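Chemist: Below you'll find the structure I mean.
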Amino acid sequence: LKGRKVAGAIIKPMQALKPFVEKHEIQLAIITTPATVSQHIADRLVEMGIKAIWNFSPTRLIVPPGVLVRDEHISLGFAEIAHHLSQLEEAGLTEEV
């Protein structure tokens with residue numbers, strides 16, 4: 001995918017990340033990778049100076065003190081939304097389109 005344009009942004013190689021993070025003084029990263037690589041990515045981000053990680057990957061990350069990780073569990077969020085919609089339907093509060 002390197003070099004391809006997606007939603008107006010050019011995909012760059014991982015080697016370009018550290019200079020970009022340093023140049024723009026970025027402190028927050030979002031991880032959406034598979035569990036098998038998430039810890040490795042988190043370790044690299046912390047080495048670059050990232051101080052907060054918003055983690056959408058399906059794994060718990062281990063980071064040093066001073067780095068915040070906010071875990072998001074998409075499947076749990078989806079289950080909550082599905083339950084809510086089911087309750088609305090059972091109560092007759094949904095409209096047919």
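Numbering starts fresh at 1 for the residues of each chain in the structure tokens, the chains themselves are lettered A, B, ... in the order given, and ligands are numbered from 1 as they appear.
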Residues of chain A in strand (DSSP E or B) according to DSSP, as a PyMOL selection string?
Modeler: chain A and resi 5-6+9-10+28-31+52-55+68-71
Chemist: Keeping only all heavy atoms, take the residues you just selected and write them out as a tab-separated table (two decimals), in the first residue's frame.
Modeler:
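This went into again-v4.tsv:
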```tsv
chain	number	residue	atom	x	y	z
A	5	LYS	N	-2.67	6.53	-2.48
A	5	LYS	CA	-3.45	7.60	-1.87
A	5	LYS	C	-4.79	7.04	-1.41
A	5	LYS	O	-5.50	6.40	-2.18
A	5	LYS	CB	-3.66	8.72	-2.89
A	5	LYS	CG	-3.98	10.04	-2.30
A	5	LYS	CD	-3.99	11.12	-3.37
A	5	LYS	CE	-3.79	12.46	-2.73
A	5	LYS	NZ	-3.73	13.53	-3.72
A	6	VAL	N	-5.12	7.25	-0.14
A	6	VAL	CA	-6.38	6.80	0.43
A	6	VAL	C	-7.02	7.98	1.14
A	6	VAL	O	-6.42	8.59	2.03
A	6	VAL	CB	-6.17	5.63	1.42
A	6	VAL	CG1	-7.48	5.23	2.08
A	6	VAL	CG2	-5.52	4.44	0.73
A	9	ALA	N	-4.91	11.00	1.58
A	9	ALA	CA	-3.63	10.89	2.28
A	9	ALA	C	-2.76	9.83	1.63
A	9	ALA	O	-3.25	8.77	1.23
A	9	ALA	CB	-3.85	10.54	3.75
A	10	ILE	N	-1.47	10.12	1.50
A	10	ILE	CA	-0.54	9.16	0.93
A	10	ILE	C	-0.04	8.23	2.02
A	10	ILE	O	0.39	8.68	3.08
A	10	ILE	CB	0.63	9.88	0.25
A	10	ILE	CG1	0.11	10.72	-0.93
A	10	ILE	CG2	1.67	8.88	-0.24
A	10	ILE	CD1	1.16	11.59	-1.57
A	28	LEU	N	-0.15	11.62	20.63
A	28	LEU	CA	-1.22	10.64	20.67
A	28	LEU	C	-1.19	9.79	19.40
A	28	LEU	O	-1.03	10.33	18.31
A	28	LEU	CB	-2.58	11.34	20.76
A	28	LEU	CG	-3.82	10.50	20.47
A	28	LEU	CD1	-4.04	9.47	21.55
A	28	LEU	CD2	-5.04	11.39	20.34
A	29	ALA	N	-1.35	8.48	19.57
A	29	ALA	CA	-1.44	7.57	18.43
A	29	ALA	C	-2.67	6.70	18.60
A	29	ALA	O	-3.10	6.41	19.71
A	29	ALA	CB	-0.19	6.71	18.33
A	30	ILE	N	-3.21	6.27	17.47
A	30	ILE	CA	-4.35	5.35	17.47
A	30	ILE	C	-3.89	4.05	16.83
A	30	ILE	O	-3.33	4.06	15.74
A	30	ILE	CB	-5.53	5.95	16.67
A	30	ILE	CG1	-5.98	7.27	17.30
A	30	ILE	CG2	-6.68	4.95	16.61
A	30	ILE	CD1	-6.97	8.05	16.47
A	31	ILE	N	-4.11	2.95	17.53
A	31	ILE	CA	-3.72	1.62	17.02
A	31	ILE	C	-4.97	0.85	16.63
A	31	ILE	O	-5.88	0.68	17.45
A	31	ILE	CB	-2.91	0.83	18.07
A	31	ILE	CG1	-1.57	1.54	18.34
A	31	ILE	CG2	-2.69	-0.60	17.61
A	31	ILE	CD1	-0.70	0.83	19.36
A	52	ALA	N	0.30	8.87	24.68
A	52	ALA	CA	-1.06	8.35	24.84
A	52	ALA	C	-1.40	7.51	23.61
A	52	ALA	O	-1.08	7.90	22.48
A	52	ALA	CB	-2.06	9.47	25.01
A	53	ILE	N	-2.03	6.36	23.86
A	53	ILE	CA	-2.42	5.46	22.78
A	53	ILE	C	-3.90	5.13	22.93
A	53	ILE	O	-4.35	4.69	23.99
A	53	ILE	CB	-1.59	4.15	22.80
A	53	ILE	CG1	-0.11	4.47	22.58
A	53	ILE	CG2	-2.11	3.17	21.75
A	53	ILE	CD1	0.81	3.28	22.78
A	54	TRP	N	-4.64	5.35	21.84
A	54	TRP	CA	-6.04	4.96	21.78
A	54	TRP	C	-6.05	3.62	21.07
A	54	TRP	O	-5.78	3.53	19.88
A	54	TRP	CB	-6.83	6.01	21.02
A	54	TRP	CG	-8.30	5.98	21.23
A	54	TRP	CD1	-9.02	5.15	22.03
A	54	TRP	CD2	-9.24	6.85	20.61
A	54	TRP	NE1	-10.35	5.45	21.95
A	54	TRP	CE2	-10.51	6.50	21.08
A	54	TRP	CE3	-9.13	7.89	19.71
A	54	TRP	CZ2	-11.66	7.15	20.68
A	54	TRP	CZ3	-10.28	8.54	19.31
A	54	TRP	CH2	-11.53	8.18	19.79
A	55	ASN	N	-6.31	2.55	21.81
A	55	ASN	CA	-6.13	1.19	21.34
A	55	ASN	C	-7.44	0.55	20.91
A	55	ASN	O	-8.29	0.23	21.73
A	55	ASN	CB	-5.47	0.36	22.44
A	55	ASN	CG	-5.26	-1.07	22.03
A	55	ASN	OD1	-5.09	-1.38	20.86
A	55	ASN	ND2	-5.27	-1.95	23.02
A	68	LEU	N	-0.37	6.68	28.65
A	68	LEU	CA	-1.77	6.31	28.84
A	68	LEU	C	-2.24	5.45	27.68
A	68	LEU	O	-1.97	5.76	26.52
A	68	LEU	CB	-2.65	7.57	28.91
A	68	LEU	CG	-4.15	7.33	28.92
A	68	LEU	CD1	-4.58	6.73	30.24
A	68	LEU	CD2	-4.89	8.62	28.64
A	69	VAL	N	-2.94	4.36	28.00
A	69	VAL	CA	-3.59	3.54	26.98
A	69	VAL	C	-5.08	3.54	27.27
A	69	VAL	O	-5.51	3.22	28.37
A	69	VAL	CB	-3.06	2.09	26.97
A	69	VAL	CG1	-3.87	1.24	25.99
A	69	VAL	CG2	-1.60	2.06	26.61
A	70	ARG	N	-5.87	3.91	26.27
A	70	ARG	CA	-7.33	3.84	26.37
A	70	ARG	C	-7.77	2.73	25.44
A	70	ARG	O	-7.60	2.81	24.22
A	70	ARG	CB	-7.94	5.18	25.95
A	70	ARG	CG	-9.42	5.17	25.68
A	70	ARG	CD	-10.24	4.97	26.91
A	70	ARG	NE	-11.65	4.98	26.52
A	70	ARG	CZ	-12.61	4.52	27.23
A	70	ARG	NH1	-12.35	4.01	28.42
A	70	ARG	NH2	-13.84	4.56	26.83
A	71	ASP	N	-8.28	1.64	26.03
A	71	ASP	CA	-8.74	0.50	25.24
A	71	ASP	C	-10.19	0.69	24.82
A	71	ASP	O	-11.03	1.06	25.64
A	71	ASP	CB	-8.64	-0.79	26.06
A	71	ASP	CG	-7.20	-1.17	26.35
A	71	ASP	OD1	-6.39	-1.18	25.41
A	71	ASP	OD2	-6.88	-1.46	27.51
```
Chemist: Pick out the residues sitting within 12 Å of A:Leu76, and hand them over as a ChimeraX atom specification; count only C-alpha atoms, and ignore anything fewer than 6 positions along from it in its own chain.
Modeler: /A:56,58,82-83
Chemist: List the neighbours of A:Leu1 out to 9 Å using only C-alpha atoms; skip same-chain residues closer than 3 positions along the sequence, and give me the result as JSON, numbers by chain.
Modeler: {"A": [4, 5, 11, 12, 13]}
Chemist: Would you kindly return, as JSON, numbers by chain, each protein, DNA or RNA residue with an atom no farther than 10 Å from any atom of A:Arg44, considering only C-alpha atoms and excluding same-chain residues fewer than 4 positions away?
Modeler: {"A": [14, 17, 18, 38, 39, 40, 48, 49, 50]}
Chemist: Give me every alpha helix (DSSP H) residue in chain A, going by DSSP on the backbone, as JSON, numbers by chain.
Modeler: {"A": [17, 18, 19, 20, 21, 22, 23, 35, 36, 37, 38, 39, 40, 41, 42, 43, 44, 45, 46, 47, 74, 75, 76, 77, 78, 79, 80, 81, 82, 83, 84, 85, 86, 87, 88, 89, 90]}
Chemist: Just write the chosen residues, C-alpha atoms, as a PDB file, in the first residue's frame.
Modeler:
```
ATOM      1  CA  LEU A  17       6.822   7.740  11.071  1.00  0.00           C
ATOM      2  CA  LYS A  18       9.484   8.741  13.605  1.00  0.00           C
ATOM      3  CA  PRO A  19      10.596  11.901  11.752  1.00  0.00           C
ATOM      4  CA  PHE A  20       6.930  12.832  11.238  1.00  0.00           C
ATOM      5  CA  VAL A  21       6.104  12.333  14.945  1.00  0.00           C
ATOM      6  CA  GLU A  22       9.120  14.400  16.007  1.00  0.00           C
ATOM      7  CA  LYS A  23       8.560  17.187  13.466  1.00  0.00           C
ATOM      8  CA  ALA A  35      -3.415  -8.328  17.985  1.00  0.00           C
ATOM      9  CA  THR A  36      -0.340 -10.143  16.665  1.00  0.00           C
ATOM     10  CA  VAL A  37       1.487  -6.864  15.928  1.00  0.00           C
ATOM     11  CA  SER A  38      -0.147  -4.381  18.307  1.00  0.00           C
ATOM     12  CA  GLN A  39       2.403  -4.666  21.138  1.00  0.00           C
ATOM     13  CA  HIS A  40       5.282  -4.245  18.696  1.00  0.00           C
ATOM     14  CA  ILE A  41       3.641  -1.127  17.230  1.00  0.00           C
ATOM     15  CA  ALA A  42       2.970   0.254  20.717  1.00  0.00           C
ATOM     16  CA  ASP A  43       6.605  -0.307  21.713  1.00  0.00           C
ATOM     17  CA  ARG A  44       7.806   1.558  18.630  1.00  0.00           C
ATOM     18  CA  LEU A  45       5.389   4.428  19.258  1.00  0.00           C
ATOM     19  CA  VAL A  46       6.541   4.783  22.867  1.00  0.00           C
ATOM     20  CA  GLU A  47      10.168   4.831  21.679  1.00  0.00           C
ATOM     21  CA  ILE A  74     -15.622  -2.401  19.261  1.00  0.00           C
ATOM     22  CA  SER A  75     -17.408  -5.724  19.709  1.00  0.00           C
ATOM     23  CA  LEU A  76     -18.754  -4.657  23.112  1.00  0.00           C
ATOM     24  CA  GLY A  77     -19.887  -1.319  21.701  1.00  0.00           C
ATOM     25  CA  PHE A  78     -21.588  -3.062  18.821  1.00  0.00           C
ATOM     26  CA  ALA A  79     -23.326  -5.475  21.218  1.00  0.00           C
ATOM     27  CA  GLU A  80     -24.607  -2.519  23.264  1.00  0.00           C
ATOM     28  CA  ILE A  81     -26.003  -0.813  20.165  1.00  0.00           C
ATOM     29  CA  ALA A  82     -27.624  -4.031  18.928  1.00  0.00           C
ATOM     30  CA  HIS A  83     -29.230  -4.585  22.343  1.00  0.00           C
ATOM     31  CA  HIS A  84     -30.550  -1.018  22.369  1.00  0.00           C
ATOM     32  CA  LEU A  85     -32.087  -1.412  18.916  1.00  0.00           C
ATOM     33  CA  SER A  86     -33.615  -4.739  19.935  1.00  0.00           C
ATOM     34  CA  GLN A  87     -35.206  -3.109  22.983  1.00  0.00           C
ATOM     35  CA  LEU A  88     -36.648  -0.319  20.818  1.00  0.00           C
ATOM     36  CA  GLU A  89     -38.083  -2.867  18.437  1.00  0.00           C
ATOM     37  CA  GLU A  90     -39.656  -4.902  21.257  1.00  0.00           C
TER      38      GLU A  90
END
```
Chemist: Would you compute the distance between atom CA of A:Leu61 and atom CA of A:Thr33? Give it in Å to one decimal.
Modeler: 11.9 Å
Chemist: At what distance in Å, to one decimal, does atom CA of A:Ile26 lie from atom CA of A:Thr59?
Modeler: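 Going from atom CA of A:Thr59 over to atom CA of A:Ile26 covers 23.2 Å.
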Chemist: Rounded to one decimal place, report the atom CA of A:Lys2-atom CA of A:Gln27 distance in Å.
Modeler: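 Distance between the two atoms: 23.5 Å.
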